file model-v3.txt (compact mmCIF, C-alpha atoms)
# COMPACT_ATOMS: atom_id res chain seq x y z
CA MET A 22 162.75 167.00 125.18
CA ILE A 23 159.12 165.93 125.32
CA LEU A 24 157.37 166.60 128.63
CA VAL A 25 154.09 164.76 129.15
CA VAL A 26 152.56 166.58 132.11
CA ASN A 27 149.56 164.53 133.10
CA GLU A 28 146.91 163.86 135.67
CA ALA A 29 143.72 161.86 135.87
CA ASP A 30 140.21 163.27 136.28
CA THR A 31 140.26 161.84 139.79
CA ALA A 32 143.61 163.36 140.82
CA PRO A 33 143.65 165.24 144.14
CA HIS A 34 143.72 169.02 144.09
CA HIS A 35 147.40 169.34 145.04
CA VAL A 36 148.38 167.42 141.88
CA SER A 37 146.50 169.93 139.73
CA VAL A 38 148.13 172.84 141.53
CA ALA A 39 151.61 171.35 141.08
CA ASN A 40 151.04 170.74 137.36
CA GLN A 41 149.77 174.30 136.80
CA GLU A 42 152.78 175.73 138.65
CA PHE A 43 155.12 173.54 136.63
CA ALA A 44 153.60 174.69 133.32
CA ALA A 45 153.90 178.32 134.43
CA GLU A 46 157.57 177.78 135.29
CA LEU A 47 158.20 176.33 131.82
CA HIS A 48 156.57 179.35 130.20
CA ALA A 49 158.69 181.72 132.29
CA ARG A 50 161.99 179.93 131.76
CA PHE A 51 161.81 178.97 128.07
CA LYS A 52 161.24 180.99 124.93
CA LEU A 53 157.93 180.27 123.21
CA ARG A 54 158.45 179.05 119.65
CA ARG A 55 154.99 177.81 118.76
CA PRO A 56 151.91 178.27 120.94
CA SER A 57 149.49 175.44 121.53
CA ALA A 58 146.81 174.84 118.94
CA ALA A 59 143.41 174.52 120.56
CA ALA A 60 143.00 170.83 119.69
CA SER A 61 146.55 169.56 120.03
CA GLY A 62 147.62 170.53 123.53
CA LEU A 63 151.21 170.79 122.23
CA THR A 64 153.34 173.85 123.01
CA LEU A 65 156.86 174.19 121.61
CA TYR A 66 159.52 176.08 123.55
CA HIS A 67 163.23 176.71 123.06
CA ASP A 68 165.70 176.43 125.92
CA PRO A 69 168.39 179.09 125.35
CA ALA A 70 170.55 177.65 128.12
CA SER A 71 171.15 174.30 126.40
CA SER A 72 170.19 174.76 122.73
CA ARG A 73 167.30 172.32 122.81
CA ASP A 74 163.63 172.46 122.02
CA VAL A 75 161.10 171.49 124.66
CA LEU A 76 157.71 170.12 123.60
CA LEU A 77 155.08 170.35 126.33
CA VAL A 78 152.22 167.86 126.06
CA ASP A 79 149.27 169.16 128.05
CA ARG A 80 147.35 166.27 129.60
CA PHE A 81 146.54 168.14 132.81
CA SER A 82 144.15 170.90 131.72
CA ASP A 83 140.39 170.51 131.80
CA GLY A 84 139.25 168.48 128.80
CA ARG A 85 142.70 166.90 128.34
CA LYS A 86 143.05 164.91 131.56
CA PHE A 87 143.32 161.14 131.57
CA PRO A 88 140.28 159.09 132.54
CA ALA A 89 140.24 157.57 136.02
CA LYS A 90 142.09 154.45 134.84
CA GLY A 91 144.60 156.34 132.73
CA GLY A 92 148.12 156.33 134.04
CA VAL A 93 151.82 156.15 133.51
CA GLY A 94 151.59 153.71 130.59
CA GLN A 95 149.40 156.10 128.64
CA ALA A 96 151.70 159.03 129.46
CA ARG A 97 154.80 157.13 128.36
CA LYS A 98 153.09 156.01 125.17
CA ILE A 99 152.11 159.55 124.23
CA GLY A 100 155.66 160.83 124.72
CA ALA A 101 157.45 157.90 123.11
CA ASP A 102 155.02 157.76 120.16
CA LEU A 103 155.66 161.45 119.51
CA ALA A 104 159.40 160.87 119.68
CA ALA A 105 159.15 157.93 117.26
CA TYR A 106 157.18 160.10 114.85
CA LEU A 107 159.77 162.91 115.00
CA ILE A 108 162.58 160.40 114.44
CA HIS A 109 160.71 158.90 111.48
CA ARG A 110 160.25 162.41 110.00
CA ARG A 111 163.98 163.06 110.61
CA ARG A 112 163.26 166.01 112.86
CA VAL A 113 165.33 164.18 115.50
CA ARG A 114 168.61 162.59 114.42
CA SER A 115 169.16 160.15 117.27
CA PRO A 116 167.40 156.77 116.93
CA TRP A 117 167.03 156.52 120.73
CA ILE A 118 163.97 157.38 122.78
CA HIS A 119 165.08 157.95 126.38
CA CYS A 120 162.37 157.57 129.02
CA THR A 121 162.55 159.12 132.46
CA ASP A 122 160.36 160.56 135.22
CA ALA A 123 160.16 163.66 137.36
CA ASP A 124 161.52 161.78 140.39
CA VAL A 125 164.78 160.92 138.59
CA ARG A 126 168.08 162.81 138.49
CA LEU A 127 170.13 161.96 135.41
CA PRO A 128 173.94 161.81 135.46
CA HIS A 129 175.90 164.38 133.44
CA ARG A 130 177.10 161.82 130.88
CA TYR A 131 173.71 160.17 130.53
CA PHE A 132 173.43 160.40 126.73
CA THR A 133 176.94 159.18 126.01
CA CYS A 134 175.82 155.62 126.84
CA SER A 135 173.71 155.51 123.67
CA THR A 136 175.87 157.69 121.42
CA ALA A 137 178.96 155.57 122.18
CA LEU A 138 177.38 152.45 120.65
CA SER A 139 178.62 151.39 117.24
CA ASP A 140 176.16 151.56 114.36
CA THR A 141 175.88 147.77 114.20
CA THR A 142 175.30 147.41 117.93
CA ALA A 143 172.75 150.22 117.91
CA GLN A 144 170.79 148.59 115.09
CA ASP A 145 170.68 145.21 116.85
CA THR A 146 169.86 146.62 120.29
CA ALA A 147 166.18 147.10 121.00
CA ALA A 148 166.62 148.79 124.37
CA LEU A 149 169.15 149.99 126.90
CA VAL A 150 168.48 149.65 130.63
CA TYR A 151 170.50 152.13 132.68
CA PRO A 152 172.01 151.35 136.07
CA PHE A 153 170.19 153.02 138.95
CA ARG A 154 170.21 153.68 142.67
CA HIS A 155 167.62 155.02 145.08
CA SER A 156 168.47 158.01 147.23
CA ILE A 157 166.95 161.00 148.98
CA ALA A 158 167.43 163.89 146.56
CA ALA A 159 169.17 167.01 147.81
CA ASP A 160 166.07 169.12 147.12
CA GLN A 161 163.72 166.84 149.05
CA THR A 162 163.63 168.82 152.25
CA GLY A 163 161.15 170.51 154.54
CA ASP A 164 157.65 169.14 154.69
CA GLU A 165 158.04 166.80 151.69
CA ILE A 166 159.83 164.15 153.77
CA PRO A 167 159.66 164.75 157.54
CA ASN A 168 162.95 164.01 159.27
CA ILE A 169 161.33 161.41 161.49
CA HIS A 170 160.53 159.31 158.40
CA ARG A 171 163.56 160.12 156.24
CA HIS A 172 165.85 157.43 157.64
CA LYS A 173 163.15 154.75 157.57
CA ILE A 174 162.19 155.59 153.98
CA ILE A 175 165.82 155.13 152.95
CA GLN A 176 166.05 151.80 154.78
CA VAL A 177 162.76 150.53 153.38
CA THR A 178 163.69 151.63 149.86
CA GLN A 179 166.98 149.75 150.16
CA LEU A 180 165.05 146.64 151.15
CA TYR A 181 162.80 147.03 148.11
CA GLU A 182 165.78 147.75 145.83
CA TYR A 183 167.42 144.60 147.16
CA SER A 184 164.36 142.61 146.06
CA LEU A 185 164.65 144.06 142.54
CA ARG A 186 168.34 143.27 142.26
CA TYR A 187 167.89 139.86 143.85
CA TYR A 188 165.26 138.92 141.25
CA VAL A 189 167.42 140.01 138.29
CA ALA A 190 170.41 138.22 139.82
CA GLY A 191 168.29 135.07 140.05
CA LEU A 192 167.27 135.33 136.39
CA SER A 193 170.87 135.94 135.36
CA PHE A 194 171.99 132.91 137.38
CA ALA A 195 169.29 130.86 135.63
CA ARG A 196 170.64 132.10 132.27
CA SER A 197 167.36 133.68 131.31
CA PRO A 198 167.48 136.10 128.36
CA TYR A 199 165.09 138.31 130.37
CA ALA A 200 167.58 139.13 133.14
CA PHE A 201 167.22 142.91 133.13
CA HIS A 202 165.53 145.52 135.29
CA THR A 203 162.12 146.81 134.23
CA ILE A 204 161.97 150.33 135.65
CA GLY A 205 160.43 152.77 133.18
CA SER A 206 162.66 155.70 134.10
CA THR A 207 165.82 153.70 133.29
CA ILE A 208 164.92 152.69 129.72
CA ALA A 209 166.12 153.96 126.33
CA VAL A 210 164.39 152.39 123.32
CA ASN A 211 165.52 152.10 119.72
CA ALA A 212 162.78 153.81 117.69
CA ALA A 213 162.73 151.16 114.94
CA HIS A 214 162.26 148.36 117.46
CA TYR A 215 159.74 150.46 119.38
CA ALA A 216 157.60 150.66 116.25
CA LYS A 217 157.86 146.91 115.67
CA VAL A 218 156.19 146.15 118.99
CA ARG A 219 153.65 148.99 118.73
CA GLY A 220 155.07 150.93 121.64
CA PHE A 221 154.14 151.17 125.28
CA PRO A 222 150.93 149.51 126.40
CA ARG A 223 148.34 151.83 127.98
CA ARG A 224 148.54 150.36 131.45
CA GLN A 225 148.19 151.96 134.87
CA ALA A 226 151.43 150.24 135.87
CA GLY A 227 153.79 147.55 134.58
CA GLU A 228 154.03 149.15 131.15
CA ASP A 229 157.83 149.02 131.37
CA PHE A 230 157.79 145.26 132.05
CA TYR A 231 155.51 144.50 129.10
CA LEU A 232 157.37 146.78 126.69
CA LEU A 233 160.77 145.23 127.47
CA ASN A 234 159.23 141.77 127.30
CA LYS A 235 158.17 142.49 123.71
CA LEU A 236 161.40 144.25 122.76
CA ALA A 237 163.54 141.30 123.92
CA LYS A 238 161.86 139.20 121.21
CA VAL A 239 162.80 141.52 118.32
CA GLY A 240 166.30 142.55 119.43
CA SER A 241 168.63 142.51 122.40
CA VAL A 242 167.99 144.35 125.66
CA MET A 243 171.32 145.62 127.00
CA GLN A 244 171.60 145.92 130.78
CA LEU A 245 174.21 148.65 131.27
CA ARG A 246 176.62 148.35 134.20
CA SER A 247 177.65 151.31 136.31
CA GLU A 248 181.16 149.90 136.73
CA THR A 249 181.93 149.77 133.00
CA ASP A 250 179.26 151.48 130.93
CA CYS A 251 177.94 154.64 132.58
CA GLU A 252 177.00 156.35 135.81
CA PRO A 253 173.80 155.21 137.54
CA ILE A 254 170.76 157.44 137.55
CA ASP A 255 169.35 158.53 140.91
CA ILE A 256 165.74 157.62 141.68
CA ALA A 257 164.16 159.47 144.58
CA ALA A 258 163.32 157.30 147.57
CA ARG A 259 159.76 158.34 148.28
CA LEU A 260 156.21 157.33 149.02
CA SER A 261 153.70 157.47 146.16
CA ASP A 262 150.14 156.35 145.45
CA ARG A 263 150.04 157.36 141.78
CA VAL A 264 150.37 153.79 140.52
CA PRO A 265 149.09 150.51 142.05
CA PHE A 266 152.59 149.03 142.17
CA GLY A 267 156.17 150.11 141.62
CA THR A 268 158.76 151.76 143.85
CA GLY A 269 156.57 154.41 145.51
CA ALA A 270 153.68 152.05 146.15
CA ALA A 271 155.97 149.24 147.36
CA VAL A 272 157.79 151.53 149.79
CA GLY A 273 154.44 152.63 151.21
CA LYS A 274 153.34 149.04 151.79
CA ILE A 275 156.64 148.04 153.40
CA MET A 276 156.46 151.11 155.67
CA GLU A 277 153.18 149.74 157.05
CA LEU A 278 154.80 146.47 158.15
CA GLU A 279 155.63 146.16 161.82
CA ASP A 280 158.88 144.26 161.16
CA PRO A 281 159.87 144.48 157.45
CA ALA A 282 162.95 142.23 157.83
CA ARG A 283 160.66 139.41 158.97
CA GLU A 284 157.47 140.25 157.05
CA PHE A 285 158.57 141.47 153.61
CA LEU A 286 159.08 138.35 151.50
CA PHE A 287 161.51 137.27 148.77
CA TYR A 288 161.31 134.37 146.34
CA HIS A 289 163.05 131.28 147.68
CA PRO A 290 166.52 130.94 146.07
CA CYS A 291 165.71 127.39 144.97
CA VAL A 292 163.14 128.67 142.44
CA PHE A 293 166.00 130.14 140.43
CA TYR A 294 167.92 126.86 140.60
CA LEU A 295 164.89 125.07 139.20
CA LEU A 296 164.48 127.73 136.51
CA ARG A 297 168.13 127.25 135.56
CA SER A 298 167.59 123.51 135.21
CA TRP A 299 164.55 124.01 132.95
CA LEU A 300 166.30 126.51 130.68
CA GLY A 301 169.44 124.39 130.63
CA SER A 302 167.45 121.39 129.44
CA LEU A 303 166.36 122.97 126.13
CA SER A 304 169.33 121.50 124.26
CA THR A 305 168.35 118.03 125.47
CA PHE A 306 164.78 118.51 124.30
CA TRP A 307 166.07 119.43 120.83
CA GLN A 308 168.56 116.57 120.61
CA SER A 309 165.97 114.00 121.66
CA ARG A 310 163.11 115.63 119.71
CA SER A 311 161.03 114.74 122.76
CA SER A 312 158.39 116.86 124.47
CA ASP A 313 158.07 114.57 127.49
CA ILE A 314 158.97 117.07 130.21
CA GLY A 315 158.94 114.59 133.06
CA ALA A 316 161.14 112.06 131.27
CA ILE A 317 163.72 114.58 130.06
CA LEU A 318 164.07 116.46 133.34
CA SER A 319 164.20 113.24 135.36
CA GLN A 320 166.97 111.79 133.19
CA ARG A 321 169.27 114.80 133.14
CA PRO A 322 172.85 113.74 133.91
CA VAL A 323 174.29 114.30 137.35
CA THR A 324 176.49 117.40 137.46
CA ASP A 325 178.38 119.36 140.05
CA GLN A 326 177.16 122.64 138.63
CA PRO A 327 174.68 124.60 140.79
CA GLY A 328 171.13 124.22 139.60
CA SER A 329 171.25 120.52 138.75
CA PHE A 330 168.51 118.26 139.96
CA SER A 331 171.10 116.07 141.64
CA ASN A 332 171.14 118.78 144.32
CA HIS A 333 167.37 118.96 144.82
CA PRO A 334 164.75 116.67 146.37
CA PRO A 335 162.32 114.88 144.03
CA MET A 336 159.52 117.17 145.22
CA ASP A 337 161.35 120.14 143.65
CA LEU A 338 161.38 118.34 140.31
CA GLN A 339 157.68 117.46 140.57
CA ALA A 340 156.81 121.06 141.35
CA LEU A 341 158.76 122.26 138.31
CA ILE A 342 157.16 119.67 136.02
CA GLY A 343 153.72 120.64 137.32
CA GLY A 344 154.35 124.31 136.64
CA LEU A 345 155.61 123.66 133.12
CA GLU A 346 152.69 121.38 132.29
CA GLU A 347 150.27 123.98 133.62
CA SER A 348 151.83 126.55 131.27
CA ARG A 349 151.40 124.13 128.33
CA ALA A 350 155.13 123.78 127.77
CA THR A 351 154.57 120.40 126.08
CA GLU A 352 152.65 122.02 123.22
CA ALA A 353 155.28 124.76 122.95
CA LEU A 354 158.09 122.20 122.70
CA GLN A 355 156.24 120.28 120.01
CA HIS A 356 155.57 123.44 118.00
CA ALA A 357 159.20 124.63 118.29
CA CYS A 358 160.49 121.23 117.15
CA ARG A 359 158.25 121.30 114.07
CA GLN A 360 159.17 124.87 113.15
CA SER A 361 162.95 124.72 113.77
CA SER A 362 165.73 123.56 111.47
CA ASP A 363 168.53 123.70 114.04
CA ALA A 364 169.19 124.01 117.76
CA ASN A 365 169.62 127.78 117.71
CA GLN A 366 166.30 128.35 116.03
CA PHE A 367 164.66 125.95 118.48
CA LYS A 368 166.07 127.85 121.45
CA ARG A 369 164.99 131.20 119.99
CA GLN A 370 161.46 129.91 119.57
CA MET A 371 161.35 128.53 123.09
CA HIS A 372 162.77 131.70 124.62
CA THR A 373 160.21 133.73 122.66
CA TRP A 374 157.42 131.56 124.05
CA PHE A 375 158.85 131.24 127.56
CA ASP A 376 159.19 134.98 127.97
CA ALA A 377 159.48 137.23 131.02
CA PHE A 378 155.77 136.88 131.79
CA ARG A 379 155.78 133.07 131.64
CA THR A 380 159.00 133.05 133.63
CA LEU A 381 157.28 135.02 136.38
CA LYS A 382 154.23 132.75 136.23
CA LEU A 383 156.42 129.65 136.69
CA ILE A 384 158.18 131.26 139.64
CA HIS A 385 154.81 132.07 141.17
CA HIS A 386 153.68 128.47 140.63
CA LEU A 387 156.76 127.21 142.46
CA ARG A 388 156.15 129.73 145.22
CA ASP A 389 152.49 128.84 145.65
CA HIS A 390 152.80 125.05 145.41
CA HIS A 391 156.16 124.10 146.86
CA LEU A 392 158.69 126.81 147.76
CA PRO A 393 157.01 129.59 149.75
CA SER A 394 158.66 133.00 149.77
CA ILE A 395 160.86 133.78 152.75
CA SER A 396 161.79 136.83 154.80
CA PHE A 397 165.10 138.65 154.58
CA GLU A 398 165.96 137.21 157.98
CA ALA A 399 165.53 133.69 156.56
CA LEU A 400 167.12 134.56 153.22
CA VAL A 401 170.48 135.48 154.74
CA THR A 402 170.80 131.93 156.14
CA GLU A 403 170.17 130.24 152.78
CA PRO A 404 173.35 128.57 151.44
CA ASN A 405 172.05 128.82 147.87
CA LEU A 406 172.02 132.62 148.10
CA ASP A 407 175.80 132.93 147.62
CA HIS A 408 175.69 131.69 144.01
CA LEU A 409 172.94 134.16 143.11
CA MET A 410 174.67 137.22 144.57
CA ARG A 411 177.64 136.73 142.24
CA TYR A 412 175.40 137.67 139.31
CA GLU A 413 174.61 141.22 140.47
CA SER A 414 177.67 143.30 141.34
CA THR A 415 175.85 145.73 143.66
CA LEU A 416 174.04 143.02 145.61
CA PRO A 417 176.79 141.96 148.08
CA CYS A 418 177.34 145.51 149.35
CA LEU A 419 173.60 146.14 149.67
CA HIS A 420 173.23 142.75 151.36
CA LYS A 421 175.82 143.73 153.97
CA THR A 422 174.09 147.06 154.60
CA LEU A 423 170.70 145.44 155.12
CA ARG A 424 172.10 142.80 157.45
CA ARG A 425 173.55 145.59 159.58
CA ASP A 426 170.50 147.87 159.50
CA TRP A 427 167.72 145.29 159.85
CA LEU A 428 169.31 142.38 161.68
CA ASP A 429 172.21 144.02 163.54
CA ILE A 430 174.63 141.60 161.87
CA CYS A 431 177.99 143.05 160.84
call {"tool": "encode", "arguments": {"input": "model-v3.txt", "output": "structure tokens"}}
result
Amino acid sequence: MILVVNEADTAPHHVSVANQEFAAELHARFKLRRPSAAASGLTLYHDPASSRDVLLVDRFSDGRKFPAKGGVGQARKIGADLAAYLIHRRRVRSPWIHCTDADVRLPHRYFTCSTALSDTTAQDTAALVYPFRHSIAADQTGDEIPNIHRHKIIQVTQLYEYSLRYYVAGLSFARSPYAFHTIGSTIAVNAAHYAKVRGFPRRQAGEDFYLLNKLAKVGSVMQLRSETDCEPIDIAARLSDRVPFGTGAAVGKIMELEDPAREFLFYHPCVFYLLRSWLGSLSTFWQSRSSDIGAILSQRPVTDQPGSFSNHPPMDLQALIGGLEESRATEALQHACRQSSDANQFKRQMHTWFDAFRTLKLIHHLRDHHLPSISFEALVTEPNLDHLMRYESTLPCLHKTLRRDWLDIC
């Protein structure tokens, strides 16, 4: 186990105190195997209770702290790079680098999800994304979360979790190959694939999104299901200002809203219907060898399937065409046609180009130019929502809970 205990030069005093206390607890609990060399900041311990070694990476002492803009991406990269090196040197037998955080409680059978994979599946899988749930941990008591705020934090966190699951459900409905959660503490990475994409980016936040975006282009990203694959991990529902965005920061912002059910916004369901139509048109682009986005999308056959343009006003189509043209999809289609020998290769090239980042940019274009985001109160009245909720098994139950808690609808 590699522990990257870190803080920035600008961290408040209580963070430094907590890190020093944590390091002292490690030294008291574990048996020292190799003391830290002056330059390395690495201390190796042995845990007699579980027959494992624990490698402490000191990025909290004076002279080893992160710069002001250093953050979770740099911490993850240090730990995962070390793990990749140890796997390469065959000091660690497992090919999997599991990433987690101090606010996460792992299930007892956590590692069986990766060890149960067949050799072939493990080689082809670039990353595993574990199921998760937010909850108030049993040891979060006393002054850490005052009782007066505890219930609201849980409610607000559920609203934020709903937005995460709603977005992935929308991508899955649209048949995007990037329909997986991007929460750093739920990821396990295949070391060989990790090396191919040069590891975590050194970002203050969003490093998990960008890593998985790269990994999905060199292998498959497997979204594990709690019903069939493994138990979910527990992520503490809490406030945090350590990163500019993410669960802790989002919960803090939602807590400041006077009426979250009417002020916190979700993407309009129709953006995912339009995304589905664009992705579903790739076969037509290949068959016609055309890169005329307007002509192809306008001439798509009428279908009863959800997501067809026969169910949308012309303005929806124009907004989609505008977003694709702005992203230079025409040039991408032309390049993919020239470089591909069959339909499968063409689709792989297009999905590599139209990745998770470009998907999000298109959704933002649709939001900003035609389909504004809507509140939860408005979302529950949208008829198109029903199709999306079928693509995330935990969404209907969470949806019912939020309707009851925020809108008093049973």
call {"tool": "atom_distance", "arguments": {"input": "model-v3.txt", "atom1": "CA of Tyr231 (chain A)", "atom2": "CA of Pro281 (chain A)"}}
result
28.7 Å
call {"tool": "residues_around", "arguments": {"input": "model-v3.txt", "residues": "Ala353 (chain A)", "least_positions_apart": "5", "cutoff": "12 Å", "atoms": "only C-alpha atoms", "output": "PyMOL selection string"}}
result
chain A and resi 303+306+311-314+345-348+358-361+367-368+370-375
call {"tool": "residues_around", "arguments": {"input": "model-v3.txt", "residues": "Phe81 (chain A)", "least_positions_apart": "5", "cutoff": "6 Å", "atoms": "only C-alpha atoms", "output": "NGL selection string"}}
result
:A and (27-28 or 86)
call {"tool": "residues_around", "arguments": {"input": "model-v3.txt", "residues": "region 58-69 of chain A", "least_positions_apart": "2", "cutoff": "12 Å", "atoms": "all atoms listed in the file", "output": "PyMOL selection string"}}
result
chain A and resi 22-27+44+47-56+71-86+99-100+103
call {"tool": "atom_distance", "arguments": {"input": "model-v3.txt", "atom1": "CA of Thr203 (chain A)", "atom2": "CA of Leu233 (chain A)"}}
result
7.1 Å
call {"tool": "closest_residue", "arguments": {"input": "model-v3.txt", "among": "A:His386, A:Arg411, A:His119, A:His34", "to": "Tyr215 (chain A)", "atoms": "all atoms listed in the file"}}
result
A:His119
call {"tool": "residues_around", "arguments": {"input": "model-v3.txt", "residues": "Ala258 (chain A)", "least_positions_apart": "3", "cutoff": "6 Å", "atoms": "only C-alpha atoms", "output": "list in words"}}
result
His155, Ser156 and Ile157 of chain A
call {"tool": "residues_around", "arguments": {"input": "model-v3.txt", "residues": "region 174-183 of chain A", "least_positions_apart": "3", "cutoff": "8 Å", "atoms": "all atoms listed in the file", "output": "list of chain:residue names"}}
result
A:His155, A:Ser156, A:Ile157, A:His170, A:Arg171, A:Arg186, A:Tyr187, A:Ala258, A:Arg259, A:Leu260, A:Thr268, A:Ala271, A:Val272, A:Ile275, A:Met276, A:Pro281, A:Leu416, A:Leu419, A:His420, A:Leu423, A:Asp426
call {"tool": "closest_residue", "arguments": {"input": "model-v3.txt", "among": "A:Cys418, A:Leu392, A:Ala357, A:Leu232", "to": "Gln339 (chain A)", "atoms": "only C-alpha atoms"}}
result
A:Leu392
call {"tool": "atom_distance", "arguments": {"input": "model-v3.txt", "atom1": "CA of Arg224 (chain A)", "atom2": "CA of Lys90 (chain A)"}}
result
8.4 Å
call {"tool": "closest_residue", "arguments": {"input": "model-v3.txt", "among": "A:Ser247, A:Ser193, A:Thr121, A:Thr146", "to": "Thr207 (chain A)", "atoms": "only C-alpha atoms"}}
result
A:Thr121
call {"tool": "closest_residue", "arguments": {"input": "model-v3.txt", "among": "A:Thr31, A:Ser184, A:Gln41, A:Asn211", "to": "Asp102 (chain A)", "atoms": "all atoms listed in the file"}}
result
A:Asn211
call {"tool": "closest_residue", "arguments": {"input": "model-v3.txt", "among": "A:His202, A:Arg310, A:His172, A:Arg424", "to": "Pro152 (chain A)", "atoms": "all atoms listed in the file"}}
result
A:His202
call {"tool": "closest_residue", "arguments": {"input": "model-v3.txt", "among": "A:Phe285, A:Trp427, A:Tyr151, A:Phe293", "to": "Leu387 (chain A)", "atoms": "all atoms listed in the file"}}
result
A:Phe293
